[in-house]
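S.K.: My questions all concern the structure below.
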Amino acid sequence: MNNRLIIFDTTLRDGEQSPGASMTREEKVRIARQLEKLRVDVIEAGFAAASQGDFEAIRAIATAVREPVVCSLARANDRDLSRAAEALEPAARKRIHTFIATSPLHMQVKLRMSPEQVLEQAKLAIRFARNFTDDIEFSPEDGSRSEEDFLCRVLENVIAEGATTINFPDTVGYAVPELYGETIRRLRERIPNSDKAVWSVHCHNDLGLAVANSLAGVMIGGARQVECTINGLGERAGNTALEEVVMALRTRGGYFNLECGIDTTQIVPASKMVSQITGFAVQPNKAVVGANAFAHASGIHQDGILKARETYEIMRAEDVGWTANKIVLGKLSGRNAFKQRLQELGIELDSEAEINAAFTRFKELADRKAEIFDEDIMALVSGEEAAAGGEHYRLVSLAQRSETGELPFATVVFSIDGVEHSAVATGDGPVDAMVNAIESKAQSGAELVLFSINGISPGTQSQGEVTMRLAHSGRIVNGVGADPDIVVASAKAYLAGLNKLHSKIEKLNPQV
């Protein structure tokens with residue numbers, strides 16, 4: 001059996017379905033370039049038929065990256081498949097990934113189709129997709145709750161029609177490892193032409209078993225593609241975490257005896273980029289990429305590590321890209337050095353005007369903060385990209401006072417469509433006062449459903465990166481802001497969220 005495992009990254013498609021994780025086209029392209037550095041085999045860039053924004057992002061990624069296969073998701077109908085093909089047209093290597101539900105529950109309640117109708121639709125979809133590419137993936141949605149005899153019929157027919165990859169999705173995170181792996185094994189044994197396609201696994205983490213299920217699908221079932229996301233990002237409880245699968249293969253190589261082409265030193269940079277762009281902070285004890293993943297507090301552990309690293313570490317921090325944050329620039333650094341560092345970080349700004357604007361913000365930050373880290377630059381440029389997308393709301397200035405035993409208050413000056421407004425309000429704390437002041441003029445009606453603060457770099461001089469998740473009329477967005485002053489960062493994050501809610505072109509998640 002082939003011992004090469006294909007890594008299929010769906011951060012930009014399934015990962016984006018996390019509430020509030022919607023990304024701009026420029027942000028998607030940045031992540032795609034990092035995934036190319038990471039050497040993933042397939043990038044699922046989006047769902048072309050979901051929106052014009054997703055279509056344009058897929059097309060931009062298909063133009064920007066050359067090595068990975070670029071893939072678009074499509075439902076099993078001609079319109080979706082045509083739209084996917086059009087978006088993928090510039091790609092050097094392209095794949096269409098089509099799906100239709102096969103579980104009795106989904107067929108009856110969601111599709112309102114008979115099994116025979118679903119079978120025929122699946123066959124027609126593969127036949128139509130072959131007009132555009134020979135690389136076609138098929139997924140029986142809710143496969144882990146589908147009837148096995150019917151699955152065999154559907155999968156045998158789509159392989160006969162030309163599907164080259166068969167993905168077996170655990171759409172709702174219902175599977176357990178041994179049963180999941182055994183199901184794939186039986187399907188491969190029962191389907192006469194199963195050897196004509198690569199088998200793939202796509203697992204969700206609702207029971208905390210996504211990685212275990214994926215590896216069982218590989219080892220027991222014989223799958224040779226794993227669909228995963230950076231940081232395990234995804235709807236509900238998330239998806240299979242790329243970093244965990246890859247490092248399991250590497251660390252336990254003698255057991256798995258499988259190879260993949262991932263450059264593991266790019267794992268942490270990819271994790272940080274996805275976290276910073278989406279506003280989804282990585283929990284400190286997250287495997288491989290969490291801040292505590294290689295930290296040792298126990299005296300016994302520390303003693304062992306000092307004597308021999310292998311006593312308590314099964315992998316090296318530097319192998320996954322953990323290094324001391326690089327101090328790259330300071331207030332005396334010039335524009336060319338700044339531009340060079342942007343290129344090294346994989347950040348490509350479209351014009352000299354954008355570079356100049358980012359450099360001006362860098363100089364302003366350097367006057368307030370002695371040491372500038374890579375993470376500072378990434379946050380700064382993200383702020384520039386957000387501004388370039390159009391600012392209905394923009395922070396002008398903020399003053400706040402908080403004293404023990406006194407009611408905090410904030411004075412905020414901000415513009416709405418270029419017209420400045422000043423507002424003063426009190427609150428339970430300085431951030432609450434700031435939000436109350438903004439809302440007294442904006443009157444957005446937005447609900448704040450998440451507020452988190454993350455230190456971008458070490459030390460008390462670190463910029464605070466604030467994520468504020470806002471909900472309004474069924475729409476959920478993340479606003480992200482960074483500043484050495486936490487309250488200012490919070491104001492930037494809140495206004496960034498309001499800008500996304502206000503935008504008429506901001507992409508909605510596919511399921512919305």
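Please note that chains go A, B, ... in the order of the structure tokens, that every chain numbers its residues from 1, and that ligands are numbered from 1 in the order shown.
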Run DSSP on the backbone and grab whatever in range 40-224 of chain A lands in strand (DSSP E or B); send it over as a PyMOL selection string.

M.R.: chain A and resi 42-47+69-75+94-101+136-141+165-170+198-204

S.K.: Contacts of range 479-485 of chain A at 8 Å or less, counting only C-alpha atoms, minus same-chain residues fewer than 2 places along, as a VMD selection string?

M.R.: chain A and resid 279 368 to 369 379 to 380 383 461 to 470 477 487 to 498 500

S.K.: Which one is closest to Ala223 in chain A: A:Met107, A:Glu259, A:Ile476, A:Asn3? Count only C-alpha atoms.

M.R.: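 Closest residue, counting only C-alpha atoms: A:Asn3.
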
S.K.: Among range 157-328 of chain A, which ones does DSSP place in alpha helix (DSSP H), written as a ChimeraX atom specification?

M.R.: /A:157-161,177-190,210-219,242-251,253-256,267-278,299-307

S.K.: Which distance in Å separates CA of Gly253 in chain A and CA of Gly232 in chain A, to one decimal?

M.R.: 21.8 Å

S.K.: I want to know what sits within 12 Å of Lys94 in chain A, based on only C-alpha atoms, with residues of the same chain fewer than 2 positions away left out; could you give that as a PyMOL selection string?

M.R.: chain A and resi 41-45+58-59+61-63+65-73+84-92+96-97+129-130+132-137

S.K.: Selection from above, C-alpha atoms, as an mmCIF file, in the first residue's frame, can you write it?

M.R.:
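Resulting contents of result-v6.cif:
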```
data_model
loop_
_atom_site.group_PDB
_atom_site.id
_atom_site.type_symbol
_atom_site.label_atom_id
_atom_site.label_comp_id
_atom_site.auth_asym_id
_atom_site.auth_seq_id
_atom_site.Cartn_x
_atom_site.Cartn_y
_atom_site.Cartn_z
ATOM 1 C CA ASP A 41 -0.634 19.038 -1.176
ATOM 2 C CA VAL A 42 -4.133 20.460 -1.700
ATOM 3 C CA ILE A 43 -5.617 23.826 -0.693
ATOM 4 C CA GLU A 44 -9.407 23.890 -0.571
ATOM 5 C CA ALA A 45 -9.688 27.600 -1.265
ATOM 6 C CA ILE A 58 -10.543 31.273 -5.050
ATOM 7 C CA ARG A 59 -9.553 32.849 -8.346
ATOM 8 C CA ILE A 61 -5.473 31.988 -4.819
ATOM 9 C CA ALA A 62 -5.465 29.985 -8.060
ATOM 10 C CA THR A 63 -3.354 32.771 -9.539
ATOM 11 C CA VAL A 65 0.098 29.726 -5.730
ATOM 12 C CA ARG A 66 1.687 27.288 -8.162
ATOM 13 C CA GLU A 67 2.744 24.148 -6.283
ATOM 14 C CA PRO A 68 -0.356 22.931 -4.385
ATOM 15 C CA VAL A 69 -3.514 21.696 -6.065
ATOM 16 C CA VAL A 70 -6.182 24.404 -5.655
ATOM 17 C CA CYS A 71 -9.660 23.059 -4.956
ATOM 18 C CA SER A 72 -13.177 24.482 -4.823
ATOM 19 C CA LEU A 73 -16.139 22.867 -3.127
ATOM 20 C CA ALA A 84 -16.096 26.221 -9.349
ATOM 21 C CA ALA A 85 -14.496 25.535 -12.714
ATOM 22 C CA GLU A 86 -14.566 29.226 -13.635
ATOM 23 C CA ALA A 87 -12.955 30.247 -10.339
ATOM 24 C CA LEU A 88 -10.220 27.614 -10.717
ATOM 25 C CA GLU A 89 -9.412 28.486 -14.329
ATOM 26 C CA PRO A 90 -6.021 30.219 -13.577
ATOM 27 C CA ALA A 91 -4.745 27.347 -11.385
ATOM 28 C CA ALA A 92 -1.685 25.382 -12.447
ATOM 29 C CA ILE A 96 -13.316 20.139 -8.034
ATOM 30 C CA HIS A 97 -14.724 18.689 -4.809
ATOM 31 C CA ALA A 129 -17.305 17.910 -13.624
ATOM 32 C CA ARG A 130 -15.132 15.868 -15.965
ATOM 33 C CA PHE A 132 -13.450 20.804 -16.563
ATOM 34 C CA THR A 133 -10.792 18.618 -14.914
ATOM 35 C CA ASP A 134 -9.706 15.042 -14.402
ATOM 36 C CA ASP A 135 -9.054 15.653 -10.682
ATOM 37 C CA ILE A 136 -12.465 15.205 -9.057
ATOM 38 C CA GLU A 137 -13.226 14.478 -5.417
#
```

S.K.: May I ask for the distance between CA of Arg341 in chain A and CA of Ile453 in chain A, given in Å to one decimal place?

M.R.: 25.9 Å

S.K.: Which neighbours of Leu345 in chain A fall inside 10 Å, counting only C-alpha atoms, when residues of the same chain fewer than 3 positions from it are skipped, and could you give them as a list of chain:residue names?

M.R.: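 In the requested form, the answer reads A:Arg30, A:Gln34, A:Pro269, A:Met273, A:Gln340, A:Arg341, A:Leu342, A:Glu348, A:Asp374, A:Glu375, A:Ile377, A:Met378.
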
S.K.: Of the candidates A:Val176, A:Ala212, A:Leu207, A:Ile184, which one gets nearest to Leu155 in chain A if we count only C-alpha atoms?

M.R.: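 Smallest distance to Leu155 in chain A is found for A:Ile184.
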
S.K.: Quick one: contact table of range 135-218 of chain A to range 241-252 of chain A, 12 Å max, nearest atom pair and distance in Å to one decimal per residue, counting only C-alpha atoms, chain and number order, as JSON lines?

M.R.:
```
{"residue": "A:Val201", "atom": "CA", "partner": "A:Val245", "partner_atom": "CA", "distance": 12.0}
{"residue": "A:His202", "atom": "CA", "partner": "A:Ala241", "partner_atom": "CA", "distance": 10.8}
{"residue": "A:Cys203", "atom": "CA", "partner": "A:Ala241", "partner_atom": "CA", "distance": 9.7}
{"residue": "A:His204", "atom": "CA", "partner": "A:Ala241", "partner_atom": "CA", "distance": 9.6}
{"residue": "A:Asn205", "atom": "CA", "partner": "A:Ala241", "partner_atom": "CA", "distance": 9.2}
{"residue": "A:Gly208", "atom": "CA", "partner": "A:Ala241", "partner_atom": "CA", "distance": 10.9}
{"residue": "A:Leu209", "atom": "CA", "partner": "A:Ala241", "partner_atom": "CA", "distance": 10.6}
{"residue": "A:Ala210", "atom": "CA", "partner": "A:Ala241", "partner_atom": "CA", "distance": 7.9}
{"residue": "A:Val211", "atom": "CA", "partner": "A:Val245", "partner_atom": "CA", "distance": 6.4}
{"residue": "A:Ala212", "atom": "CA", "partner": "A:Val245", "partner_atom": "CA", "distance": 8.8}
{"residue": "A:Asn213", "atom": "CA", "partner": "A:Val245", "partner_atom": "CA", "distance": 10.6}
{"residue": "A:Ser214", "atom": "CA", "partner": "A:Val245", "partner_atom": "CA", "distance": 8.2}
{"residue": "A:Leu215", "atom": "CA", "partner": "A:Val245", "partner_atom": "CA", "distance": 7.4}
{"residue": "A:Ala216", "atom": "CA", "partner": "A:Val245", "partner_atom": "CA", "distance": 11.2}
{"residue": "A:Val218", "atom": "CA", "partner": "A:Val245", "partner_atom": "CA", "distance": 10.7}
```

S.K.: Within 8 Å of range 286-294 of chain A, counting only C-alpha atoms, which residues qualify if same-chain residues fewer than 5 places away don't, as a PyMOL selection string?

M.R.: chain A and resi 231+243-244+247+267-268+271+313+317+320

S.K.: Applying 8 Å and only C-alpha atoms, which residues near Ile438 in chain A remain after dropping the ones on its own chain fewer than 5 positions away? List them as a list in words.

M.R.: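 Skipping anything fewer than 5 positions along the chain leaves Val412, Phe414, Ala423 and Gln443 of chain A.
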
S.K.: Output N, CA and C atoms for every residue in the selection just made, as a PDB file, in the first residue's frame.

M.R.:
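Contents of selection-v7.pdb, freshly written:
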```
ATOM      1  N   VAL A 412     -14.566  59.186  23.645  1.00  0.00           N
ATOM      2  CA  VAL A 412     -14.134  58.628  22.364  1.00  0.00           C
ATOM      3  C   VAL A 412     -14.492  59.592  21.250  1.00  0.00           C
ATOM      4  N   PHE A 414     -14.599  59.501  17.222  1.00  0.00           N
ATOM      5  CA  PHE A 414     -14.501  58.614  16.063  1.00  0.00           C
ATOM      6  C   PHE A 414     -15.342  59.181  14.930  1.00  0.00           C
ATOM      7  N   ALA A 423     -18.083  61.364  22.036  1.00  0.00           N
ATOM      8  CA  ALA A 423     -19.057  60.807  22.976  1.00  0.00           C
ATOM      9  C   ALA A 423     -18.369  60.488  24.292  1.00  0.00           C
ATOM     10  N   GLN A 443     -25.215  53.494  17.562  1.00  0.00           N
ATOM     11  CA  GLN A 443     -26.511  52.826  17.716  1.00  0.00           C
ATOM     12  C   GLN A 443     -26.645  51.647  16.739  1.00  0.00           C
TER      13      GLN A 443
END
```

S.K.: Measuring between only C-alpha atoms, which one of A:Leu450, A:Ala74, A:Val118, A:Ala32 shows the shortest distance to Phe55 in chain A?

M.R.: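 Going through A:Leu450, A:Ala74, A:Val118, A:Ala32 one by one, the smallest distance to Phe55 in chain A is for A:Ala74.
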